Amino acid sequence: QAQPVESGGGLVQAGGSLRLSCAASRSIFSINTIGWYRQAPGKQRELVARIIGGRTNYAESVKGRFTISRDNAKNTVDLQMNSLKPEDTAVYYCNEDHGLGYISWGQGTQVTVSS
(Lines give C-alpha, C1' and ligand atoms only; values in the text may rest on other atoms or scores of the structure.)
Protein backbone atom coordinates (compact mmCIF):
# COMPACT_ATOMS: atom_id res chain seq x y z
CA GLN A 1 0.00 0.00 0.00
CA ALA A 2 1.55 3.27 -1.11
CA GLN A 3 1.88 6.09 1.41
CA PRO A 4 2.31 9.82 1.10
CA VAL A 5 5.74 11.16 2.07
CA GLU A 6 6.22 14.31 4.12
CA SER A 7 9.21 16.63 4.13
CA GLY A 8 10.16 20.07 5.36
CA GLY A 9 9.95 19.81 9.14
CA GLY A 10 12.57 21.21 11.45
CA LEU A 11 13.38 23.56 14.29
CA VAL A 12 12.38 27.21 14.12
CA GLN A 13 12.04 30.08 16.55
CA ALA A 14 8.67 31.48 17.50
CA GLY A 15 7.45 33.89 14.85
CA GLY A 16 9.30 32.05 12.11
CA SER A 17 8.08 30.08 9.12
CA LEU A 18 8.33 26.59 7.72
CA ARG A 19 6.95 24.95 4.62
CA LEU A 20 5.91 21.31 4.67
CA SER A 21 5.42 19.27 1.55
CA CYS A 22 3.48 16.05 1.05
CA ALA A 23 4.31 13.94 -1.98
CA ALA A 24 1.06 12.14 -2.69
CA SER A 25 0.97 8.38 -3.10
CA ARG A 26 -0.84 8.72 -6.42
CA SER A 27 -2.28 11.46 -8.59
CA ILE A 28 -3.75 14.12 -6.33
CA PHE A 29 -6.62 14.50 -8.78
CA SER A 30 -7.75 11.00 -7.84
CA ILE A 31 -7.74 11.61 -4.06
CA ASN A 32 -11.00 12.73 -2.46
CA THR A 33 -9.50 14.67 0.41
CA ILE A 34 -5.88 15.39 1.23
CA GLY A 35 -4.58 17.31 4.15
CA TRP A 36 -2.39 17.74 7.19
CA TYR A 37 -2.87 16.58 10.76
CA ARG A 38 -0.63 16.98 13.75
CA GLN A 39 -0.04 15.26 17.05
CA ALA A 40 1.68 16.86 20.00
CA PRO A 41 3.08 14.76 22.88
CA GLY A 42 0.28 13.53 25.11
CA LYS A 43 -2.44 14.87 22.82
CA GLN A 44 -4.72 13.41 20.20
CA ARG A 45 -4.04 13.79 16.54
CA GLU A 46 -5.92 16.80 15.17
CA LEU A 47 -6.77 18.25 11.81
CA VAL A 48 -4.67 21.23 10.74
CA ALA A 49 -5.85 21.88 7.18
CA ARG A 50 -7.24 19.96 4.25
CA ILE A 51 -8.36 20.27 0.67
CA ILE A 52 -11.73 18.77 -0.28
CA GLY A 53 -12.32 19.10 -3.97
CA GLY A 54 -11.52 22.72 -4.65
CA ARG A 55 -12.20 23.91 -1.12
CA THR A 56 -9.94 24.29 1.86
CA ASN A 57 -10.64 24.27 5.55
CA TYR A 58 -8.48 24.98 8.56
CA ALA A 59 -8.41 24.45 12.28
CA GLU A 60 -9.33 27.63 14.11
CA SER A 61 -5.95 27.68 15.81
CA VAL A 62 -4.08 28.07 12.50
CA LYS A 63 -6.43 30.27 10.48
CA GLY A 64 -4.65 33.30 9.11
CA ARG A 65 -1.22 31.78 9.77
CA PHE A 66 -1.16 28.55 7.74
CA THR A 67 -1.97 28.06 4.08
CA ILE A 68 -2.55 24.74 2.36
CA SER A 69 -2.06 24.52 -1.37
CA ARG A 70 -1.78 21.97 -4.12
CA ASP A 71 1.04 21.85 -6.64
CA ASN A 72 -0.36 19.91 -9.55
CA ALA A 73 2.92 19.79 -11.46
CA LYS A 74 4.81 18.27 -8.52
CA ASN A 75 1.85 16.21 -7.28
CA THR A 76 2.28 17.62 -3.79
CA VAL A 77 0.17 19.30 -1.15
CA ASP A 78 2.09 21.93 0.74
CA LEU A 79 1.51 23.62 4.06
CA GLN A 80 3.00 27.07 4.48
CA MET A 81 3.24 27.86 8.18
CA ASN A 82 3.89 31.43 9.24
CA SER A 83 3.98 33.16 12.62
CA LEU A 84 4.73 29.85 14.28
CA LYS A 85 4.08 29.45 17.99
CA PRO A 86 5.53 26.99 20.51
CA GLU A 87 2.10 25.34 20.67
CA ASP A 88 2.46 24.41 16.99
CA THR A 89 5.16 21.95 18.02
CA ALA A 90 4.07 18.49 16.93
CA VAL A 91 4.60 15.71 14.46
CA TYR A 92 2.80 16.67 11.26
CA TYR A 93 1.22 13.96 9.15
CA CYS A 94 -0.07 13.96 5.63
CA ASN A 95 -3.43 12.23 5.23
CA GLU A 96 -5.12 10.95 2.09
CA ASP A 97 -8.76 9.93 2.05
CA HIS A 98 -9.37 7.90 -1.08
CA GLY A 99 -12.99 7.16 -0.27
CA LEU A 100 -14.73 3.90 0.68
CA GLY A 101 -12.81 3.85 3.95
CA TYR A 102 -9.39 3.72 2.33
CA ILE A 103 -7.10 6.15 4.15
CA SER A 104 -3.34 6.59 3.90
CA TRP A 105 -1.03 8.25 6.39
CA GLY A 106 2.54 9.37 5.95
CA GLN A 107 5.28 8.67 8.47
CA GLY A 108 5.19 12.22 9.81
CA THR A 109 7.66 15.07 10.07
CA GLN A 110 8.66 16.81 13.28
CA VAL A 111 8.08 20.53 13.70
CA THR A 112 9.57 22.16 16.78
CA VAL A 113 9.01 25.81 17.60
CA SER A 114 11.22 27.27 20.30
CA SER A 115 10.17 30.20 22.44
# chains A, B, ... in the order shown; residues from 1 in each chain; ligands from 1
call {"tool": "residues_around", "arguments": {"residues": "Ala40 (chain A)", "least_positions_apart": "6", "cutoff": "8 Å", "atoms": "only C-alpha atoms", "output": "list of chain:residue names"}}
result
A:Thr89, A:Ala90, A:Val91
call {"tool": "write_last_selection", "arguments": {"atoms": "N, CA and C atoms", "output": "short mmCIF file (atom, residue, chain, number, x, y, z; two decimals), in the first residue's frame"}}
result
data_model
loop_
_atom_site.label_atom_id
_atom_site.label_comp_id
_atom_site.auth_asym_id
_atom_site.auth_seq_id
_atom_site.Cartn_x
_atom_site.Cartn_y
_atom_site.Cartn_z
N THR A 89 4.23 23.07 17.97
CA THR A 89 5.16 21.95 18.02
C THR A 89 4.41 20.63 18.02
N ALA A 90 4.76 19.77 17.08
CA ALA A 90 4.07 18.49 16.93
C ALA A 90 4.72 17.71 15.79
N VAL A 91 4.30 16.46 15.67
CA VAL A 91 4.60 15.71 14.46
C VAL A 91 3.45 15.95 13.49
#
call {"tool": "closest_residue", "arguments": {"among": "A:Ser115, A:Ser83, A:Ser61, A:Gln110", "to": "Gln39 (chain A)", "atoms": "only C-alpha atoms"}}
result
A:Gln110
call {"tool": "residues_around", "arguments": {"residues": "Ser69 (chain A)", "least_positions_apart": "3", "cutoff": "12 Å", "atoms": "only C-alpha atoms", "output": "ChimeraX atom specification"}}
result
/A:19-22,28,34-36,49-58,66,72,74-81
call {"tool": "residues_around", "arguments": {"residues": "Gly108 (chain A)", "least_positions_apart": "2", "cutoff": "8 Å", "atoms": "only C-alpha atoms", "output": "number ranges by chain"}}
result
A: 5-6, 91-94, 106, 110
call {"tool": "residues_around", "arguments": {"residues": "Leu11 (chain A)", "least_positions_apart": "5", "cutoff": "8 Å", "atoms": "only C-alpha atoms", "output": "JSON, numbers by chain"}}
result
{"A": [111, 112, 113, 114]}
call {"tool": "closest_residue", "arguments": {"among": "A:Val62, A:Leu84, A:Leu100, A:Ile68", "to": "Val12 (chain A)", "atoms": "only C-alpha atoms"}}
result
A:Leu84
call {"tool": "closest_residue", "arguments": {"among": "A:Ala73, A:Ala14, A:Ala59, A:Val48", "to": "Ser27 (chain A)", "atoms": "only C-alpha atoms"}}
result
A:Ala73
call {"tool": "select_by_dssp", "arguments": {"residues": "chain A", "states": "helix (DSSP H, G or I)", "output": "MDAnalysis selection string"}}
result
chainID A and resid 28:30 86:88
call {"tool": "select_by_dssp", "arguments": {"residues": "chain A", "states": "strand (DSSP E)", "output": "MDAnalysis selection string"}}
result
chainID A and resid 5:7 10:13 18:23 33:39 46:52 55:58 66:71 76:81 90:99 102:105 109:114
call {"tool": "decode", "arguments": {"residues": "region 39-55 of chain A", "atoms": "all heavy atoms", "output": "PDB file, in the first residue's frame"}}
result
ATOM      1  N   GLN A  39       0.114  15.875  15.733  1.00  0.00           N
ATOM      2  CA  GLN A  39      -0.038  15.264  17.047  1.00  0.00           C
ATOM      3  C   GLN A  39       1.101  15.716  17.936  1.00  0.00           C
ATOM      4  O   GLN A  39       2.273  15.455  17.654  1.00  0.00           O
ATOM      5  CB  GLN A  39      -0.050  13.741  16.943  1.00  0.00           C
ATOM      6  CG  GLN A  39      -0.383  13.048  18.242  1.00  0.00           C
ATOM      7  CD  GLN A  39      -0.728  11.588  18.051  1.00  0.00           C
ATOM      8  OE1 GLN A  39      -0.405  10.975  17.042  1.00  0.00           O
ATOM      9  NE2 GLN A  39      -1.404  11.014  19.029  1.00  0.00           N
ATOM     10  N   ALA A  40       0.718  16.417  18.998  1.00  0.00           N
ATOM     11  CA  ALA A  40       1.682  16.859  19.996  1.00  0.00           C
ATOM     12  C   ALA A  40       1.795  15.794  21.083  1.00  0.00           C
ATOM     13  O   ALA A  40       0.876  14.989  21.269  1.00  0.00           O
ATOM     14  CB  ALA A  40       1.230  18.188  20.592  1.00  0.00           C
ATOM     15  N   PRO A  41       2.909  15.775  21.828  1.00  0.00           N
ATOM     16  CA  PRO A  41       3.077  14.761  22.876  1.00  0.00           C
ATOM     17  C   PRO A  41       1.924  14.794  23.874  1.00  0.00           C
ATOM     18  O   PRO A  41       1.547  15.860  24.367  1.00  0.00           O
ATOM     19  CB  PRO A  41       4.396  15.167  23.532  1.00  0.00           C
ATOM     20  CG  PRO A  41       5.140  15.896  22.477  1.00  0.00           C
ATOM     21  CD  PRO A  41       4.100  16.625  21.677  1.00  0.00           C
ATOM     22  N   GLY A  42       1.349  13.628  24.136  1.00  0.00           N
ATOM     23  CA  GLY A  42       0.282  13.532  25.110  1.00  0.00           C
ATOM     24  C   GLY A  42      -1.073  14.008  24.630  1.00  0.00           C
ATOM     25  O   GLY A  42      -2.028  14.052  25.423  1.00  0.00           O
ATOM     26  N   LYS A  43      -1.169  14.354  23.357  1.00  0.00           N
ATOM     27  CA  LYS A  43      -2.436  14.866  22.820  1.00  0.00           C
ATOM     28  C   LYS A  43      -2.902  13.998  21.653  1.00  0.00           C
ATOM     29  O   LYS A  43      -2.126  13.259  21.066  1.00  0.00           O
ATOM     30  CB  LYS A  43      -2.277  16.320  22.362  1.00  0.00           C
ATOM     31  CG  LYS A  43      -1.985  17.287  23.488  1.00  0.00           C
ATOM     32  CD  LYS A  43      -2.040  18.718  22.994  1.00  0.00           C
ATOM     33  CE  LYS A  43      -1.827  19.694  24.133  1.00  0.00           C
ATOM     34  NZ  LYS A  43      -1.910  21.111  23.673  1.00  0.00           N
ATOM     35  N   GLN A  44      -4.174  14.142  21.335  1.00  0.00           N
ATOM     36  CA  GLN A  44      -4.724  13.407  20.204  1.00  0.00           C
ATOM     37  C   GLN A  44      -4.318  14.062  18.888  1.00  0.00           C
ATOM     38  O   GLN A  44      -4.042  15.269  18.834  1.00  0.00           O
ATOM     39  CB  GLN A  44      -6.254  13.375  20.305  1.00  0.00           C
ATOM     40  CG  GLN A  44      -6.781  12.465  21.402  1.00  0.00           C
ATOM     41  CD  GLN A  44      -8.284  12.283  21.330  1.00  0.00           C
ATOM     42  OE1 GLN A  44      -9.006  13.189  20.904  1.00  0.00           O
ATOM     43  NE2 GLN A  44      -8.760  11.116  21.730  1.00  0.00           N
ATOM     44  N   ARG A  45      -4.317  13.258  17.869  1.00  0.00           N
ATOM     45  CA  ARG A  45      -4.044  13.792  16.538  1.00  0.00           C
ATOM     46  C   ARG A  45      -5.217  14.694  16.132  1.00  0.00           C
ATOM     47  O   ARG A  45      -6.386  14.354  16.341  1.00  0.00           O
ATOM     48  CB  ARG A  45      -3.878  12.646  15.531  1.00  0.00           C
ATOM     49  CG  ARG A  45      -3.310  13.065  14.210  1.00  0.00           C
ATOM     50  CD  ARG A  45      -2.954  11.849  13.355  1.00  0.00           C
ATOM     51  NE  ARG A  45      -1.905  11.045  13.970  1.00  0.00           N
ATOM     52  CZ  ARG A  45      -1.297  10.027  13.348  1.00  0.00           C
ATOM     53  NH1 ARG A  45      -1.647   9.706  12.101  1.00  0.00           N
ATOM     54  NH2 ARG A  45      -0.367   9.319  13.962  1.00  0.00           N
ATOM     55  N   GLU A  46      -4.884  15.845  15.543  1.00  0.00           N
ATOM     56  CA  GLU A  46      -5.922  16.801  15.167  1.00  0.00           C
ATOM     57  C   GLU A  46      -5.714  17.309  13.755  1.00  0.00           C
ATOM     58  O   GLU A  46      -4.584  17.386  13.257  1.00  0.00           O
ATOM     59  CB  GLU A  46      -5.918  18.006  16.136  1.00  0.00           C
ATOM     60  CG  GLU A  46      -4.636  18.813  16.122  1.00  0.00           C
ATOM     61  CD  GLU A  46      -4.697  20.036  17.025  1.00  0.00           C
ATOM     62  OE1 GLU A  46      -5.722  20.245  17.692  1.00  0.00           O
ATOM     63  OE2 GLU A  46      -3.702  20.789  17.035  1.00  0.00           O
ATOM     64  N   LEU A  47      -6.826  17.674  13.142  1.00  0.00           N
ATOM     65  CA  LEU A  47      -6.771  18.246  11.809  1.00  0.00           C
ATOM     66  C   LEU A  47      -6.146  19.634  11.851  1.00  0.00           C
ATOM     67  O   LEU A  47      -6.476  20.446  12.712  1.00  0.00           O
ATOM     68  CB  LEU A  47      -8.183  18.346  11.224  1.00  0.00           C
ATOM     69  CG  LEU A  47      -8.313  19.074   9.897  1.00  0.00           C
ATOM     70  CD1 LEU A  47      -7.669  18.278   8.769  1.00  0.00           C
ATOM     71  CD2 LEU A  47      -9.781  19.351   9.575  1.00  0.00           C
ATOM     72  N   VAL A  48      -5.256  19.900  10.894  1.00  0.00           N
ATOM     73  CA  VAL A  48      -4.672  21.230  10.739  1.00  0.00           C
ATOM     74  C   VAL A  48      -5.324  21.938   9.551  1.00  0.00           C
ATOM     75  O   VAL A  48      -5.849  23.039   9.676  1.00  0.00           O
ATOM     76  CB  VAL A  48      -3.153  21.147  10.525  1.00  0.00           C
ATOM     77  CG1 VAL A  48      -2.570  22.542  10.277  1.00  0.00           C
ATOM     78  CG2 VAL A  48      -2.474  20.495  11.715  1.00  0.00           C
ATOM     79  N   ALA A  49      -5.285  21.294   8.398  1.00  0.00           N
ATOM     80  CA  ALA A  49      -5.855  21.881   7.185  1.00  0.00           C
ATOM     81  C   ALA A  49      -6.049  20.777   6.160  1.00  0.00           C
ATOM     82  O   ALA A  49      -5.314  19.780   6.178  1.00  0.00           O
ATOM     83  CB  ALA A  49      -4.937  22.964   6.618  1.00  0.00           C
ATOM     84  N   ARG A  50      -7.017  20.964   5.282  1.00  0.00           N
ATOM     85  CA  ARG A  50      -7.237  19.958   4.253  1.00  0.00           C
ATOM     86  C   ARG A  50      -7.866  20.583   3.018  1.00  0.00           C
ATOM     87  O   ARG A  50      -8.432  21.682   3.085  1.00  0.00           O
ATOM     88  CB  ARG A  50      -8.124  18.819   4.756  1.00  0.00           C
ATOM     89  CG  ARG A  50      -9.504  19.245   5.164  1.00  0.00           C
ATOM     90  CD  ARG A  50     -10.268  18.086   5.784  1.00  0.00           C
ATOM     91  NE  ARG A  50     -11.557  18.524   6.305  1.00  0.00           N
ATOM     92  CZ  ARG A  50     -12.384  17.743   6.986  1.00  0.00           C
ATOM     93  NH1 ARG A  50     -12.051  16.476   7.214  1.00  0.00           N
ATOM     94  NH2 ARG A  50     -13.527  18.203   7.416  1.00  0.00           N
ATOM     95  N   ILE A  51      -7.752  19.866   1.925  1.00  0.00           N
ATOM     96  CA  ILE A  51      -8.364  20.267   0.665  1.00  0.00           C
ATOM     97  C   ILE A  51      -9.395  19.215   0.297  1.00  0.00           C
ATOM     98  O   ILE A  51      -9.075  18.015   0.210  1.00  0.00           O
ATOM     99  CB  ILE A  51      -7.311  20.383  -0.460  1.00  0.00           C
ATOM    100  CG1 ILE A  51      -6.266  21.451  -0.121  1.00  0.00           C
ATOM    101  CG2 ILE A  51      -7.988  20.702  -1.789  1.00  0.00           C
ATOM    102  CD1 ILE A  51      -5.127  21.533  -1.111  1.00  0.00           C
ATOM    103  N   ILE A  52     -10.628  19.658   0.122  1.00  0.00           N
ATOM    104  CA  ILE A  52     -11.727  18.772  -0.285  1.00  0.00           C
ATOM    105  C   ILE A  52     -12.252  19.307  -1.606  1.00  0.00           C
ATOM    106  O   ILE A  52     -12.878  20.375  -1.638  1.00  0.00           O
ATOM    107  CB  ILE A  52     -12.849  18.755   0.765  1.00  0.00           C
ATOM    108  CG1 ILE A  52     -12.309  18.394   2.143  1.00  0.00           C
ATOM    109  CG2 ILE A  52     -13.943  17.774   0.355  1.00  0.00           C
ATOM    110  CD1 ILE A  52     -13.341  18.517   3.246  1.00  0.00           C
ATOM    111  N   GLY A  53     -11.982  18.581  -2.653  1.00  0.00           N
ATOM    112  CA  GLY A  53     -12.322  19.101  -3.971  1.00  0.00           C
ATOM    113  C   GLY A  53     -11.552  20.394  -4.180  1.00  0.00           C
ATOM    114  O   GLY A  53     -10.339  20.411  -4.023  1.00  0.00           O
ATOM    115  N   GLY A  54     -12.213  21.459  -4.465  1.00  0.00           N
ATOM    116  CA  GLY A  54     -11.517  22.724  -4.645  1.00  0.00           C
ATOM    117  C   GLY A  54     -11.536  23.616  -3.420  1.00  0.00           C
ATOM    118  O   GLY A  54     -11.054  24.745  -3.456  1.00  0.00           O
ATOM    119  N   ARG A  55     -12.054  23.081  -2.319  1.00  0.00           N
ATOM    120  CA  ARG A  55     -12.204  23.910  -1.123  1.00  0.00           C
ATOM    121  C   ARG A  55     -11.176  23.537  -0.070  1.00  0.00           C
ATOM    122  O   ARG A  55     -10.694  22.414  -0.013  1.00  0.00           O
ATOM    123  CB  ARG A  55     -13.611  23.731  -0.561  1.00  0.00           C
ATOM    124  CG  ARG A  55     -14.712  24.226  -1.488  1.00  0.00           C
ATOM    125  CD  ARG A  55     -16.085  23.897  -0.935  1.00  0.00           C
ATOM    126  NE  ARG A  55     -16.311  22.462  -0.900  1.00  0.00           N
ATOM    127  CZ  ARG A  55     -16.706  21.808   0.175  1.00  0.00           C
ATOM    128  NH1 ARG A  55     -16.918  22.462   1.305  1.00  0.00           N
ATOM    129  NH2 ARG A  55     -16.903  20.508   0.131  1.00  0.00           N
TER     130      ARG A  55
END
